[in-house]
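*Asks:* Take this structure first; my questions come after.
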Amino acid sequence: MTDKTHQVDAVTGHRRMRRLRKADWQRRMVQENRLTVDDLIWPIFVVPGSGIMEPIAAMPGVFRMSVDKAVEAAREAADLGIPALATFPNIELSLRDETGSQILEANNLINQTTAAIKKAAPNIGIITDVALDPFTSHGHDGILRDGEIVNDETVDQIVKAAIAQADAGSDIIAPSDMMDGRIGAIRRGLDAAGHQGVGIMSYATKFASCHYGPYREAISTSGLLKGDKKTYYIDPANGTEAVRDAALDVEEGADMLMVKPGLPYLDICWRIKEAFGLPVFAYQVSGEYSQIKAAAANGWIDGERAMLETLLCFKRAGCDGILTYFAPEVARLLAKRS
Ligand code: PBG
């Protein structure tokens with residue numbers, strides 16, 4: 001025994017962490033968190049028309065799909081065991097207006113998609129957003145009046161939209177607009193309309209982040225957006241404020257909470273899971289997805305490992321699931337491995 005080894009022994013005693021890392025079987029025995037297909041929620045983009053699978057340049061491997069193609073994708077996702085989809089529409093620019101009135105149409109693109117998927121693949125959950133941004137001519141999540149996003153009028157509008165979405169068959173309403181008081185208003189609206197069973201997954205802590213860029217290309221809002229969303233999304237500097245905002249949503253009746261973006265905000269995932277104990281979901285947003293895809297395409301990182309590692313880290317941070325554009329890719333990979 002060399003002096004050096006003796007020194008190590010003297011310091012660590014019997015506490016040698018590497019014993020639990022020495023072999024694959026041993027590491028599997030002590031692995032604390034695992035990613036399964038049940039953790040995945042797949043956000044998809046829908047366009048008008050039929051037979052359309054349109055690649056999104058800023059999101060390699062992601063497509064805008066017409067409703068018929070979205071139905072096929074939903075069937076495949078259900079077969080893979082993915083529990084739920086989150087749908088986002090890219091509607092005609094000619095239908096977008098100052099107040100996002102198209103969101104109130106019973107048969108708009110998002111509601112058509114819900115109804116078609118529910119018919120073809122009844123066992124996959126449908127999560128719909130009620131933010132106005134895909135429907136407004138200015139790309140904001142609310143109604144814009146004299147340069148201001150007006151809160152209460154927007155809330156009235158999204159409550160009506162939530163009821164229309166539930167009527168079309170949506171299982172979970174997920175408001176991403178960050179207006180104050182929306183969760184309580186949506187809950188009351190849904191209940192009054194007989195939709196007591198429709199859940200609310202609040203985008204409780206949504207940050208004014210740079211990571212939404214590719215999404216805005218996907219739904220064609222990047223060219224429309226005037227200014228920024230800092231008067232309603234949370235400042236990336238503020239963790240305690242985010243927890244306070246989530247607390248209000250819990251009080252108002254949210255069933256589940258979401259943190260968005262995901263990876264740069266793992267501390268928030270952990271804090272709100274600890275604070276409230278509600279199911280917590282992270283949204284690994286478009287910019288996070290595209291960064292991994294771009295670096296992998298350049299050969300700078302192993303894309304598959306980056307995908308699996310980032311998703312697993314959400315589990316370690318206390319998340320019950322992840323909204324991710326990787327969902328079908330990772331589900332196929334997990335199926336192959338089991
Ligand atoms: C807006 C909304 C955003 C995303 C989904 N709904 C952010 C935005 O455009 O400001 C982002 C999703 C993503 O980046 O993957 N209500």
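In the structure tokens, each chain is lettered A, B, ... as it comes, each chain's residues begin at 1, and ligands are numbered from 1 in order of appearance.
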Hey, which residues sit close to ligand 1? Say within 7 Å, counting only C-alpha atoms and all ligand atoms, and write them as a PyMOL selection string.

*Replies:* chain A and resi 131-133+141+176-177+211-216+229+284-287

*Asks:* Convert the current residue selection to file output with N, CA and C atoms, as a tab-separated table (two decimals), in the first residue's frame.

*Replies:*
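Printed below is again_18.tsv as written:
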chain	number	residue	atom	x	y	z
A	131	ALA	N	-54.01	30.85	-25.13
A	131	ALA	CA	-53.39	32.16	-25.38
A	131	ALA	C	-53.82	32.66	-26.75
A	132	LEU	N	-53.87	33.96	-26.90
A	132	LEU	CA	-54.38	34.54	-28.15
A	132	LEU	C	-53.33	34.65	-29.25
A	133	ASP	N	-52.05	34.45	-28.93
A	133	ASP	CA	-51.00	34.80	-29.90
A	133	ASP	C	-51.11	34.14	-31.28
A	141	ASP	N	-50.20	37.70	-26.64
A	141	ASP	CA	-51.06	36.68	-26.04
A	141	ASP	C	-52.38	37.26	-25.55
A	176	SER	N	-51.39	29.80	-21.54
A	176	SER	CA	-49.98	30.20	-21.55
A	176	SER	C	-49.81	31.71	-21.59
A	177	ASP	N	-50.91	32.44	-21.34
A	177	ASP	CA	-50.90	33.88	-21.58
A	177	ASP	C	-50.39	34.72	-20.41
A	211	HIS	N	-35.83	31.85	-25.66
A	211	HIS	CA	-35.86	30.49	-26.21
A	211	HIS	C	-37.11	30.14	-27.02
A	212	TYR	N	-38.00	31.10	-27.22
A	212	TYR	CA	-39.23	30.81	-27.96
A	212	TYR	C	-39.12	31.10	-29.47
A	213	GLY	N	-37.95	31.57	-29.90
A	213	GLY	CA	-37.78	32.00	-31.29
A	213	GLY	C	-38.27	31.02	-32.35
A	214	PRO	N	-37.82	29.77	-32.32
A	214	PRO	CA	-38.24	28.83	-33.37
A	214	PRO	C	-39.76	28.57	-33.37
A	215	TYR	N	-40.37	28.58	-32.19
A	215	TYR	CA	-41.83	28.40	-32.10
A	215	TYR	C	-42.55	29.51	-32.86
A	216	ARG	N	-42.02	30.73	-32.71
A	216	ARG	CA	-42.69	31.86	-33.37
A	216	ARG	C	-42.56	31.74	-34.87
A	229	LYS	N	-42.80	40.68	-24.57
A	229	LYS	CA	-43.87	40.21	-23.68
A	229	LYS	C	-43.55	40.44	-22.21
A	284	GLN	N	-39.86	21.87	-22.40
A	284	GLN	CA	-38.57	22.01	-23.08
A	284	GLN	C	-38.89	22.69	-24.41
A	285	VAL	N	-38.69	24.00	-24.46
A	285	VAL	CA	-39.26	24.78	-25.55
A	285	VAL	C	-38.45	24.69	-26.83
A	286	SER	N	-38.99	25.32	-27.86
A	286	SER	CA	-38.42	25.21	-29.20
A	286	SER	C	-36.93	25.55	-29.24
A	287	GLY	N	-36.53	26.63	-28.57
A	287	GLY	CA	-35.12	27.03	-28.62
A	287	GLY	C	-34.21	25.99	-27.97

*Asks:* Which residues are close to region 307-320 of chain A, i.e. within 7 Å by only C-alpha atoms, leaving aside same-chain residues fewer than 5 positions away? Reply as an MDAnalysis selection string.

*Replies:* chainID A and resid 33:35 39 266 269:270 273 279:282

*Asks:* Using DSSP secondary structure from the backbone, list all strand (DSSP E or B) positions within region 213-328 of chain A, as a list in words.

*Replies:* Ile234, Met256, Leu257, Met258, Val259, Lys260, Val280, Phe281, Ala282, Tyr283, Gln284, Gly321, Ile322, Leu323 and Thr324 of chain A

*Asks:* Got time to write the residues from that selection, C-alpha atoms, as a CSV table (one decimal), in the first residue's frame?

*Replies:*
chain,number,residue,atom,x,y,z
A,234,ILE,CA,-41.9,36.7,-15.7
A,256,MET,CA,-51.2,20.9,-12.7
A,257,LEU,CA,-48.4,23.5,-13.0
A,258,MET,CA,-46.0,24.1,-15.8
A,259,VAL,CA,-42.6,25.7,-15.9
A,260,LYS,CA,-41.5,27.2,-19.2
A,280,VAL,CA,-45.3,19.8,-12.3
A,281,PHE,CA,-44.5,19.7,-15.9
A,282,ALA,CA,-41.6,21.4,-17.7
A,283,TYR,CA,-41.8,22.7,-21.3
A,284,GLN,CA,-38.6,22.0,-23.1
A,321,GLY,CA,-43.5,15.1,-17.1
A,322,ILE,CA,-42.0,17.1,-20.0
A,323,LEU,CA,-43.6,18.8,-23.0
A,324,THR,CA,-41.0,18.1,-25.6

*Asks:* Running DSSP on the backbone, which parts of region 61-197 of chain A land in helix (DSSP H, G or I), as JSON, numbers by chain?

*Replies:* {"A": [67, 68, 69, 70, 71, 72, 73, 74, 75, 76, 77, 78, 79, 80, 93, 94, 95, 101, 102, 103, 104, 109, 110, 111, 112, 113, 114, 115, 116, 117, 118, 119, 120, 151, 152, 153, 154, 155, 156, 157, 158, 159, 160, 161, 162, 163, 164, 165, 166, 167, 182, 183, 184, 185, 186, 187, 188, 189, 190, 191, 192]}

*Asks:* Using only C-alpha atoms, find the one residue out of A:Lys230, A:Ala120, A:Ala204, A:Leu263 that sits nearest to Ala242 (chain A).

*Replies:* A:Ala204
